[in-house]
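Participant: Handing over model_32.txt, compact mmCIF, C-alpha atoms.
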```txt
# COMPACT_ATOMS: atom_id res chain seq x y z
CA MET A 166 -38.93 71.81 23.50
CA SER A 167 -40.50 73.81 20.66
CA TRP A 168 -38.48 74.57 17.53
CA GLN A 169 -38.39 78.26 18.48
CA LYS A 170 -36.76 77.43 21.80
CA LYS A 171 -34.34 75.06 20.10
CA ILE A 172 -33.26 77.85 17.76
CA MET A 173 -32.81 80.25 20.68
CA ALA A 174 -30.77 77.62 22.55
CA PHE A 175 -28.27 77.27 19.69
CA LEU A 176 -28.31 80.92 18.56
CA PRO A 177 -25.52 82.19 20.88
CA LEU A 178 -23.20 79.37 19.77
CA GLY A 179 -24.07 79.95 16.11
CA LEU A 180 -23.22 83.64 16.39
CA LEU A 181 -19.75 82.69 17.62
CA PHE A 182 -19.05 80.78 14.40
CA ILE A 183 -20.17 83.47 11.93
CA PRO A 184 -16.92 85.54 12.09
CA LEU A 185 -14.93 82.39 11.26
CA PHE A 186 -15.92 82.91 7.62
CA LEU A 187 -13.42 85.78 7.67
CA LEU A 188 -10.71 83.13 7.90
CA ILE A 189 -11.34 82.24 4.23
CA PRO A 190 -9.87 85.48 2.76
CA LEU A 191 -7.24 85.49 5.51
CA PHE A 192 -5.98 82.00 4.58
CA GLN A 193 -6.14 82.88 0.88
CA ASP A 194 -3.96 85.91 1.52
CA ILE A 195 -1.42 83.99 3.62
CA ASN A 196 -1.38 81.14 1.09
CA HIS A 197 -0.31 83.54 -1.69
CA LEU A 198 2.51 85.41 0.04
CA GLU A 199 5.06 83.75 -2.26
CA PHE A 200 5.16 82.91 -5.97
CA PHE A 201 7.97 80.50 -6.89
CA ILE A 202 9.78 80.78 -10.20
CA PHE A 203 12.33 78.18 -9.09
CA PRO A 204 12.15 75.53 -7.73
CA THR A 205 9.71 75.49 -10.61
CA GLY A 206 6.23 76.75 -9.80
CA GLN A 207 3.02 75.55 -11.43
CA GLN A 208 2.91 78.56 -13.76
CA VAL A 209 6.45 77.99 -15.12
CA ALA A 210 6.24 76.17 -18.45
CA ASP A 211 9.89 76.00 -19.57
CA ILE A 212 13.37 77.16 -18.63
CA ASP A 213 15.44 78.05 -21.71
CA PRO A 214 19.21 78.63 -21.55
CA VAL A 215 20.16 81.15 -24.29
CA THR A 216 23.39 82.85 -25.44
CA ASP A 217 24.12 85.94 -27.52
CA ALA A 218 25.18 83.49 -30.26
CA ASP A 219 21.55 82.33 -30.46
CA VAL A 220 20.07 85.83 -30.74
CA TRP A 221 22.62 88.48 -31.72
CA LYS A 222 25.36 86.52 -33.54
CA GLY A 223 27.70 86.67 -30.59
CA ASN A 224 30.32 84.12 -29.52
CA SER A 225 29.38 83.36 -25.90
CA THR A 226 28.73 79.73 -24.94
CA ILE A 227 26.99 77.70 -22.26
CA ASP A 228 29.48 74.94 -21.43
CA GLU A 229 27.31 73.10 -18.90
CA TYR A 230 23.65 73.34 -17.97
CA ARG A 231 21.98 71.08 -15.43
CA VAL A 232 18.65 71.29 -13.59
CA THR A 233 17.97 69.15 -10.53
CA GLY A 234 14.94 69.24 -8.23
CA ASN A 235 16.22 72.22 -6.23
CA GLN A 236 19.18 73.69 -8.15
CA ILE A 237 20.11 75.07 -11.56
CA LYS A 238 23.78 74.98 -12.43
CA MET A 239 25.15 76.82 -15.45
CA VAL A 240 28.78 77.04 -16.55
CA TYR A 241 29.30 79.62 -19.30
CA THR A 242 31.96 81.65 -21.11
CA LEU A 243 31.41 85.24 -22.23
CA ARG A 244 33.34 85.97 -25.44
CA GLU A 245 34.08 89.08 -27.46
CA SER A 246 32.22 89.56 -30.73
CA GLU A 247 30.72 92.28 -32.86
CA TYR A 248 27.84 92.35 -30.38
CA GLU A 249 28.40 95.13 -27.87
CA PHE A 250 27.45 93.28 -24.67
CA PRO A 251 28.42 89.58 -24.48
CA ASN A 252 25.81 87.69 -22.44
CA VAL A 253 24.11 84.41 -21.62
CA PHE A 254 20.75 84.11 -19.92
CA LEU A 255 17.97 81.87 -18.60
CA ILE A 256 14.37 82.51 -19.64
CA PHE A 257 11.65 81.34 -17.25
CA TRP A 258 8.45 81.20 -19.32
CA LEU A 259 5.33 81.84 -17.21
CA ASP A 260 2.74 80.63 -19.72
CA ASN A 261 1.99 77.12 -18.51
CA ILE A 262 -1.57 77.67 -17.23
CA SER A 263 -2.47 80.80 -19.19
CA GLU A 264 -0.79 83.01 -21.78
CA TYR A 265 0.27 85.50 -19.12
CA CYS A 266 0.72 85.52 -15.36
CA ASP A 267 -0.66 88.13 -12.96
CA LEU A 268 2.09 89.13 -10.52
CA SER A 269 0.72 92.58 -9.72
CA SER A 270 0.17 91.85 -6.01
CA TYR A 271 3.83 91.04 -5.25
CA GLN A 272 6.32 93.53 -3.84
CA TYR A 273 9.70 91.79 -3.99
CA LEU A 274 11.82 89.52 -6.15
CA ASP A 275 14.03 87.22 -4.05
CA LEU A 276 17.11 85.43 -5.38
CA LYS A 277 19.27 82.80 -3.61
CA LEU A 278 22.56 81.51 -5.01
CA SER A 279 24.97 78.92 -3.63
CA GLU A 280 27.72 79.61 -6.19
CA MET A 281 28.40 82.69 -8.31
CA PRO A 282 31.08 84.43 -10.38
CA VAL A 283 32.40 87.32 -8.29
CA ASN A 284 31.93 90.81 -9.76
CA GLN A 285 29.73 89.43 -12.52
CA ARG A 286 26.97 91.83 -13.57
CA MET A 287 23.50 90.37 -13.69
CA ASN A 288 20.42 91.93 -15.23
CA ILE A 289 16.98 90.65 -14.27
CA PHE A 290 14.16 91.32 -16.73
CA ILE A 291 10.45 91.01 -15.98
CA LYS A 292 8.72 91.00 -19.38
CA CYS A 293 5.09 92.15 -19.52
CA PHE A 294 2.56 92.36 -22.33
CA GLN A 295 1.90 96.01 -23.21
CA GLN A 296 -1.43 96.71 -24.87
CA GLY A 297 -1.02 98.44 -28.22
CA ILE A 298 2.66 97.53 -28.50
CA SER A 299 3.39 93.91 -27.63
CA SER A 300 2.54 91.00 -29.88
CA PRO A 301 1.45 87.60 -28.49
CA GLY A 302 3.67 84.52 -28.67
CA ARG A 303 7.16 83.70 -27.44
CA GLU A 304 8.64 84.56 -30.82
CA ASN A 305 7.64 88.21 -30.19
CA ALA A 306 9.18 88.43 -26.72
CA GLU A 307 11.30 91.40 -27.81
CA SER A 308 8.10 93.51 -28.06
CA LEU A 309 7.15 92.78 -24.45
CA ARG A 310 7.66 95.61 -22.01
CA HIS A 311 11.01 95.06 -20.27
CA LEU A 312 11.32 95.89 -16.56
CA GLU A 313 15.00 95.71 -15.64
CA LYS A 314 17.09 95.54 -12.47
CA SER A 315 20.88 95.53 -12.82
CA PHE A 316 23.34 94.63 -10.05
CA VAL A 317 26.77 93.08 -9.43
CA LEU A 318 27.17 89.72 -7.72
CA SER A 319 29.33 89.68 -4.61
CA HIS A 320 30.91 86.78 -2.73
CA LEU A 321 29.69 88.46 0.47
CA ASN A 322 26.07 88.01 -0.44
CA THR A 323 24.25 84.85 -1.54
CA SER A 324 20.72 86.19 -1.03
CA TYR A 325 19.26 89.20 -2.79
CA ARG A 326 15.94 90.99 -2.44
CA PHE A 327 14.77 93.67 -4.86
CA ARG A 328 11.66 95.79 -4.68
CA ILE A 329 9.52 95.36 -7.79
CA ASP A 330 9.02 99.12 -8.00
CA GLU A 331 12.81 99.49 -8.42
CA PHE A 332 12.64 97.74 -11.81
CA GLU A 333 12.71 100.26 -14.66
CA THR A 334 12.03 100.13 -18.37
CA PRO A 335 15.35 100.74 -20.23
CA GLU A 336 15.70 103.68 -22.60
CA TRP A 337 16.22 101.49 -25.66
CA TRP A 338 12.72 100.04 -25.24
CA TYR A 339 11.10 103.49 -25.11
CA THR A 340 13.15 104.55 -28.14
CA ARG A 341 12.24 101.47 -30.16
CA TYR A 342 8.51 101.51 -29.38
CA SER A 343 7.76 105.21 -28.78
CA GLY A 344 6.21 105.51 -32.23
CA ALA A 345 3.68 102.77 -31.45
CA LEU A 346 2.20 104.67 -28.52
CA PRO A 347 2.78 108.36 -27.74
CA TYR A 348 2.66 107.79 -24.02
CA VAL A 349 3.43 104.56 -22.23
CA GLY A 350 1.80 104.36 -18.82
CA ARG A 351 3.09 102.98 -15.57
CA GLU A 352 4.40 99.40 -15.65
CA SER A 353 1.89 96.65 -14.99
CA LEU A 354 2.59 93.14 -13.76
CA LYS A 355 -0.87 91.84 -14.56
CA MET A 356 0.33 90.21 -17.83
CA VAL A 357 3.84 88.82 -17.26
CA LYS A 358 5.20 86.51 -19.95
CA SER A 359 8.67 85.65 -18.63
CA ILE A 360 11.42 86.45 -16.15
CA ASP A 361 15.00 86.44 -17.51
CA MET A 362 18.28 86.08 -15.59
CA VAL A 363 21.05 87.63 -17.74
CA MET A 364 24.82 87.27 -17.15
CA ILE A 365 26.26 90.24 -19.05
CA HIS A 366 29.56 92.05 -19.61
CA THR A 367 29.05 95.82 -19.70
CA SER A 368 32.32 96.96 -18.13
CA SER A 369 34.89 99.05 -19.96
CA ASN A 370 37.50 96.60 -18.67
CA ALA A 371 38.75 93.92 -21.03
CA LEU A 372 36.65 90.76 -21.02
CA VAL A 373 38.43 87.72 -19.55
CA GLU A 374 37.19 84.81 -21.61
CA GLU A 375 37.16 82.02 -19.04
CA PRO A 376 34.46 79.63 -17.77
CA ARG A 377 32.28 80.97 -14.97
CA SER A 378 29.85 79.02 -12.83
CA ILE A 379 26.59 80.03 -11.18
CA ILE A 380 24.10 77.94 -9.17
CA PHE A 381 20.52 79.12 -8.56
CA ASP A 382 18.83 77.76 -5.43
CA GLU A 383 15.68 79.85 -5.38
CA ILE A 384 13.91 82.52 -7.41
CA LYS A 385 10.57 83.81 -6.18
CA LEU A 386 8.30 86.80 -5.82
CA SER A 387 6.95 87.68 -2.39
CA ARG A 388 4.83 90.22 -0.60
CA SER A 389 3.70 91.27 2.85
CA ILE A 390 0.37 90.39 4.39
CA LYS A 391 -2.36 92.74 3.19
CA VAL A 392 -3.71 95.46 5.46
CA GLU A 393 -7.15 93.84 5.17
CA SER A 394 -5.74 90.64 6.70
CA TYR A 395 -4.33 92.52 9.68
CA ILE A 396 -7.74 94.11 10.18
CA ILE A 397 -9.36 90.65 10.13
CA ILE A 398 -6.85 89.33 12.68
CA VAL A 399 -7.41 92.28 15.04
CA PHE A 400 -11.18 91.97 14.65
CA LEU A 401 -11.17 88.23 15.44
CA VAL A 402 -8.93 88.72 18.48
CA LEU A 403 -11.17 91.47 19.86
CA PHE A 404 -14.40 89.66 18.96
CA TYR A 405 -13.49 86.36 20.62
CA GLY A 406 -11.66 88.12 23.47
CA PHE A 407 -14.98 89.70 24.48
CA SER A 408 -17.56 87.18 23.28
CA LEU A 409 -16.05 83.93 24.62
CA PRO A 410 -16.06 85.07 28.27
CA LEU A 411 -19.65 86.28 27.80
CA TYR A 412 -20.63 82.92 26.30
CA VAL A 413 -19.04 81.04 29.22
CA LEU A 414 -20.98 83.26 31.62
CA TYR A 415 -24.16 82.53 29.63
CA LEU A 416 -23.56 78.75 29.91
CA ARG A 417 -22.96 79.01 33.66
CA LYS A 418 -26.19 80.92 34.20
CA LYS A 419 -28.04 78.40 32.06
CA SER A 420 -26.65 75.43 34.02
CA VAL A 421 -27.94 76.90 37.31
CA LYS A 422 -31.45 75.92 36.22
CA LYS A 423 -30.58 72.22 36.29
CA LEU A 424 -31.93 70.48 39.44
CA LYS A 425 -29.28 68.61 41.44
CA PRO A 426 -29.69 65.48 43.60
CA GLN A 427 -30.10 65.97 47.36
CA HIS A 428 -26.47 65.21 48.17
CA VAL A 429 -25.48 68.43 46.39
CA ASP A 430 -26.20 71.73 48.11
CA TYR A 431 -28.96 73.45 46.19
CA VAL A 432 -30.11 76.99 46.69
CA ASN A 433 -33.35 78.19 45.10
CA HIS A 434 -35.21 81.41 45.73
CA ARG A 435 -38.49 80.48 44.08
CA ASP A 436 -41.82 80.78 45.82
CA ALA A 437 -42.84 78.48 48.64
CA GLU A 438 -44.74 76.01 46.43
CA MET A 439 -41.80 75.45 44.11
CA ASN A 440 -39.49 75.07 47.10
CA ARG A 441 -41.75 72.40 48.62
CA ILE A 442 -41.97 70.55 45.30
CA LYS A 443 -38.20 70.61 44.99
CA GLN A 444 -37.66 69.32 48.53
CA TYR A 445 -40.13 66.50 47.97
CA ILE A 446 -38.46 65.42 44.68
CA GLN A 447 -34.98 65.56 46.20
CA ALA A 448 -36.07 63.36 49.09
CA ASN A 449 -38.14 60.89 47.04
CA TYR A 450 -36.72 60.69 43.51
CA HIS A 451 -35.46 57.15 44.28
CA ASP A 452 -39.05 56.03 44.90
CA SER A 453 -39.93 54.01 41.80
CA ASN A 454 -43.61 54.94 42.22
CA ILE A 455 -43.14 58.68 42.60
CA SER A 456 -45.83 60.64 40.74
CA THR A 457 -47.55 64.01 40.69
CA LYS A 458 -50.60 62.28 42.24
CA LYS A 459 -48.56 61.14 45.26
CA MET A 460 -47.05 64.63 45.52
CA GLN A 461 -50.54 66.13 45.40
CA ASP A 462 -51.68 63.91 48.26
CA PHE A 463 -48.59 64.72 50.34
CA LEU A 464 -48.12 68.42 49.56
CA GLY A 465 -51.71 69.47 48.99
CA ILE A 466 -50.72 71.08 45.65
CA PRO A 467 -52.84 70.11 42.64
CA SER A 468 -51.17 67.68 40.26
CA SER A 469 -51.73 70.01 37.27
CA ARG A 470 -50.08 72.89 39.12
CA ILE A 471 -47.10 70.72 40.00
CA PHE A 472 -46.73 69.86 36.33
CA ASN A 473 -46.99 73.52 35.25
CA LEU A 474 -44.53 74.80 37.86
CA ILE A 475 -41.95 72.19 36.83
CA LYS A 476 -42.48 73.01 33.15
CA GLU A 477 -42.11 76.74 33.83
CA LYS A 478 -39.00 76.36 36.00
CA TYR A 479 -37.07 73.59 34.24
CA ASP A 480 -38.59 73.56 30.74
CA CYS A 481 -39.23 69.83 30.85
CA SER A 482 -41.86 67.32 31.94
CA PHE A 483 -42.11 65.81 35.43
CA LYS A 484 -40.92 62.46 34.06
CA GLN A 485 -37.88 63.98 32.39
CA LEU A 486 -36.96 65.90 35.54
CA ILE A 487 -37.06 62.71 37.62
CA HIS A 488 -34.95 60.92 34.99
CA ASP A 489 -32.36 63.72 35.02
CA ILE A 490 -32.01 63.60 38.80
CA ARG A 491 -31.78 59.81 38.85
CA ILE A 492 -29.12 59.82 36.12
CA GLU A 493 -27.09 62.46 38.00
CA GLU A 494 -27.18 60.39 41.17
CA SER A 495 -26.39 57.17 39.30
CA LYS A 496 -23.32 58.83 37.74
CA ARG A 497 -22.09 59.70 41.23
CA LEU A 498 -22.66 56.15 42.52
CA ILE A 499 -20.94 54.66 39.46
CA LEU A 500 -17.83 56.75 40.11
CA GLU A 501 -17.74 56.79 43.92
CA SER A 502 -18.90 53.27 44.79
CA ASP A 503 -18.26 49.67 43.78
CA LEU A 504 -21.95 48.86 43.54
CA ARG A 505 -23.04 46.84 40.54
CA ILE A 506 -24.97 48.61 37.82
CA THR A 507 -28.11 46.64 38.69
CA GLU A 508 -27.90 47.73 42.33
CA ILE A 509 -27.40 51.35 41.33
CA SER A 510 -30.40 51.30 39.00
CA TYR A 511 -32.69 50.13 41.84
CA LYS A 512 -31.19 52.57 44.34
CA VAL A 513 -32.00 55.57 42.14
CA GLY A 514 -35.57 54.41 41.44
CA PHE A 515 -35.53 52.26 38.28
CA ASN A 516 -37.30 48.91 38.54
CA ASP A 517 -35.95 47.72 35.18
CA THR A 518 -32.17 47.66 34.67
CA SER A 519 -32.54 47.47 30.88
CA TYR A 520 -34.69 50.59 30.90
CA PHE A 521 -32.15 52.29 33.18
CA ASN A 522 -29.36 51.45 30.71
CA LYS A 523 -31.43 52.88 27.86
CA VAL A 524 -32.22 56.14 29.68
CA PHE A 525 -28.61 56.50 30.90
CA LYS A 526 -27.10 56.05 27.41
CA LYS A 527 -29.60 58.48 25.87
CA SER A 528 -28.66 61.11 28.46
CA VAL A 529 -24.88 60.55 28.76
CA GLY A 530 -24.01 59.04 25.38
CA LEU A 531 -22.39 56.01 27.05
CA SER A 532 -23.76 52.95 28.76
CA PRO A 533 -23.25 52.85 32.57
CA SER A 534 -20.44 50.28 32.16
CA GLU A 535 -18.74 52.35 29.45
CA TYR A 536 -19.06 55.46 31.61
CA ARG A 537 -17.38 53.72 34.59
CA ASP A 538 -14.60 52.31 32.38
CA LYS A 539 -13.90 55.66 30.70
CA LYS A 540 -13.77 57.63 33.94
CA SER A 541 -11.50 55.05 35.61
CA SER A 542 -9.04 54.87 32.69
```
Could you render the structure as structure tokens?

Facilitator:
Amino acid sequence: MSWQKKIMAFLPLGLLFIPLFLLIPLFQDINHLEFFIFPTGQQVADIDPVTDADVWKGNSTIDEYRVTGNQIKMVYTLRESEYEFPNVFLIFWLDNISEYCDLSSYQYLDLKLSEMPVNQRMNIFIKCFQQGISSPGRENAESLRHLEKSFVLSHLNTSYRFRIDEFETPEWWYTRYSGALPYVGRESLKMVKSIDMVMIHTSSNALVEEPRSIIFDEIKLSRSIKVESYIIIVFLVLFYGFSLPLYVLYLRKKSVKKLKPQHVDYVNHRDAEMNRIKQYIQANYHDSNISTKKMQDFLGIPSSRIFNLIKEKYDCSFKQLIHDIRIEESKRLILESDLRITEISYKVGFNDTSYFNKVFKKSVGLSPSEYRDKKSS
């Protein structure tokens, strides 16, 4: 078979595999649907517990702080001081791999707790670097753009989901940094430095100074599958829904060209010469001395024409065609009879059992004995 025909033989199958490259962006999208802050993700460098006493000269304390593989437990006491809003908080620094972390593709922040102080207000801050205003380094975290979400913990709810676009920059940040930039554009999550979980007392009610306990099970950002991924999925379903049946039909039509032994009904609508050649081969393939010369003498068709007709019809030589028919018949005898391999080789026209074994293995991929054992197991 020429190299052009070999290419054409594998072309339909190759075309079926080309759309599979679309699975690369699809898997990448699905693989990045979640970004874990805790249990600690790869981007998280440190988790720092901080109180107002550390930053604003308050009196609040963290009485117990413990991090296990899948939980953070913090016991704290909020205390009155000159500072207006007593608070304690956890800072999750996202500068392990690079200075900042790009979270712009995520839509939600998810929080799971297994223990919480009821009616405690919590503020979540996403802190982003703002060009022209923020300064690099953890020590300048106050200059980072603050995106805030405030809510009250309830014993009826242990899981919370917040849309990222619900986070807002507080007024105090605009007031403090409005002189640095006349207009501050829309928030960007492309350069996030940290995410802070703040336990804070902002109520007008008197502060009860008693220990409170909170346990974090999971903090993560998440998003939905992109529209582009849905398009890829629909395309692949439609493509393979139509192309696979067509490819099966193509293979069936191609297999019709393969000549079968005489015991199998065979219908061919070729001209009379090809039909006579076929009938002769089917009746005499087991003759070890079969040749185009003997066929010429019997059929009255020139040997060269016999060769050309076989080549045109079956795309193979006379010798290969005889081998194919003999191997097909030997496979049937191996499965349907208890004849020895040597007997089978002589019955189908091979004088040399070793040569039969060689031709059989080249065609089937197994030796005759291996083929019988595999089919019977």

Participant: Determine, counting only C-alpha atoms, every residue of protein, DNA or RNA that lies within 9 Å of (0.6, 94.2, -3.5) in the file coordinates, then give the result as a list in words.

Facilitator: Leu268, Ser269, Ser270, Tyr271, Gln272, Arg388, Ser389, Ile390 and Lys391 of chain A

Participant: Between CA of Asn473 in chain A and CA of Val529 in chain A, what is the distance in Å, rounded to a tenth?

Facilitator: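 Separating CA of Asn473 in chain A from CA of Val529 in chain A is a distance of 26.4 Å.
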
Participant: Select from range 362-383 of chain A every residue with an atom at most 12 Å from any atom of range 217-220 of chain A, then for each give the shortest pair of atoms and their distance in Å to one decimal, using only C-alpha atoms, rows by chain and rising number, as CSV.

Facilitator:
```
residue,atom,partner,partner_atom,distance
A:Val363,CA,A:Asp217,CA,10.4
A:Met364,CA,A:Asp217,CA,10.5
A:Ile365,CA,A:Asp217,CA,9.7
A:His366,CA,A:Asp217,CA,11.4
```

Participant: Grab the CA of Glu280 in chain A to CA of Val357 in chain A distance for me, in Å with one decimal place.

Facilitator: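 For CA of Glu280 in chain A relative to CA of Val357 in chain A, the distance reads 27.9 Å.
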
Participant: Using the file's own x, y and z axes, so that the box edges lie along x, y and z, what centre and edge lengths in Å (one decimal) does a box around every listed atom of range 499-503 of chain A get when 3 Å is added on each side? Give it as lines of an AutoDock Vina configuration file.

Facilitator:
```
center_x = -19.3
center_y = 53.2
center_z = 42.1
size_x = 9.2
size_y = 13.1
size_z = 11.3
```

Participant: Any chance you could turn range 267-297 of chain A into a file with N, CA and C atoms, as a compact mmCIF listing (two decimals), in the first residue's frame?

Facilitator:
```txt
# COMPACT_ATOMS: atom_id res chain seq x y z
N ASP A 267 -4.14 36.67 41.67
CA ASP A 267 -5.22 37.05 40.76
C ASP A 267 -6.46 36.20 41.04
N LEU A 268 -7.49 36.85 41.60
CA LEU A 268 -8.75 36.16 41.90
C LEU A 268 -9.90 36.75 41.09
N SER A 269 -9.57 37.41 40.00
CA SER A 269 -10.57 38.16 39.24
C SER A 269 -11.61 37.27 38.55
N SER A 270 -11.31 35.99 38.38
CA SER A 270 -12.25 35.12 37.66
C SER A 270 -13.31 34.50 38.58
N TYR A 271 -13.20 34.70 39.88
CA TYR A 271 -14.11 34.04 40.82
C TYR A 271 -15.32 34.92 41.13
N GLN A 272 -16.43 34.27 41.40
CA GLN A 272 -17.71 34.97 41.61
C GLN A 272 -18.19 34.97 43.06
N TYR A 273 -17.76 33.97 43.84
CA TYR A 273 -18.30 33.81 45.19
C TYR A 273 -17.19 33.62 46.21
N LEU A 274 -17.49 33.99 47.44
CA LEU A 274 -16.67 33.62 48.59
C LEU A 274 -17.53 32.73 49.48
N ASP A 275 -17.05 31.52 49.74
CA ASP A 275 -17.79 30.53 50.53
C ASP A 275 -17.12 30.33 51.88
N LEU A 276 -17.94 30.25 52.93
CA LEU A 276 -17.45 30.13 54.29
C LEU A 276 -18.24 29.04 55.01
N LYS A 277 -17.51 28.08 55.64
CA LYS A 277 -18.15 27.02 56.42
C LYS A 277 -17.60 27.04 57.83
N LEU A 278 -18.51 27.02 58.82
CA LEU A 278 -18.15 27.05 60.23
C LEU A 278 -18.81 25.87 60.93
N SER A 279 -18.13 25.28 61.90
CA SER A 279 -18.75 24.23 62.70
C SER A 279 -19.08 24.72 64.11
N GLU A 280 -18.57 25.89 64.48
CA GLU A 280 -18.89 26.50 65.77
C GLU A 280 -18.76 28.00 65.61
N MET A 281 -19.68 28.75 66.24
CA MET A 281 -19.65 30.20 66.08
C MET A 281 -20.34 30.88 67.24
N PRO A 282 -19.95 32.12 67.54
CA PRO A 282 -20.67 32.92 68.55
C PRO A 282 -21.93 33.51 67.92
N VAL A 283 -23.08 33.20 68.49
CA VAL A 283 -24.35 33.66 67.93
C VAL A 283 -24.45 35.17 68.02
N ASN A 284 -24.98 35.77 66.95
CA ASN A 284 -25.18 37.22 66.85
C ASN A 284 -23.88 38.01 66.82
N GLN A 285 -22.78 37.33 66.57
CA GLN A 285 -21.51 38.03 66.43
C GLN A 285 -21.41 38.62 65.01
N ARG A 286 -21.04 39.88 64.91
CA ARG A 286 -20.84 40.49 63.60
C ARG A 286 -19.45 40.12 63.08
N MET A 287 -19.44 39.75 61.81
CA MET A 287 -18.17 39.45 61.15
C MET A 287 -18.04 40.32 59.91
N ASN A 288 -16.87 40.88 59.73
CA ASN A 288 -16.54 41.61 58.51
C ASN A 288 -15.47 40.83 57.75
N ILE A 289 -15.70 40.62 56.47
CA ILE A 289 -14.69 39.98 55.62
C ILE A 289 -14.10 41.04 54.71
N PHE A 290 -12.77 41.13 54.70
CA PHE A 290 -12.08 42.10 53.85
C PHE A 290 -11.25 41.36 52.80
N ILE A 291 -11.44 41.74 51.55
CA ILE A 291 -10.52 41.33 50.48
C ILE A 291 -9.67 42.55 50.17
N LYS A 292 -8.35 42.43 50.35
CA LYS A 292 -7.47 43.59 50.22
C LYS A 292 -6.66 43.49 48.93
N CYS A 293 -6.81 44.49 48.07
CA CYS A 293 -6.22 44.50 46.74
C CYS A 293 -5.24 45.67 46.59
N PHE A 294 -4.21 45.43 45.81
CA PHE A 294 -3.26 46.51 45.50
C PHE A 294 -3.90 47.46 44.51
N GLN A 295 -3.90 48.76 44.85
CA GLN A 295 -4.47 49.80 43.99
C GLN A 295 -3.36 50.66 43.43
N GLN A 296 -3.19 50.61 42.10
CA GLN A 296 -2.14 51.40 41.47
C GLN A 296 -2.30 52.88 41.81
N GLY A 297 -1.19 53.52 42.14
CA GLY A 297 -1.20 54.94 42.45
C GLY A 297 -1.52 55.26 43.89
```
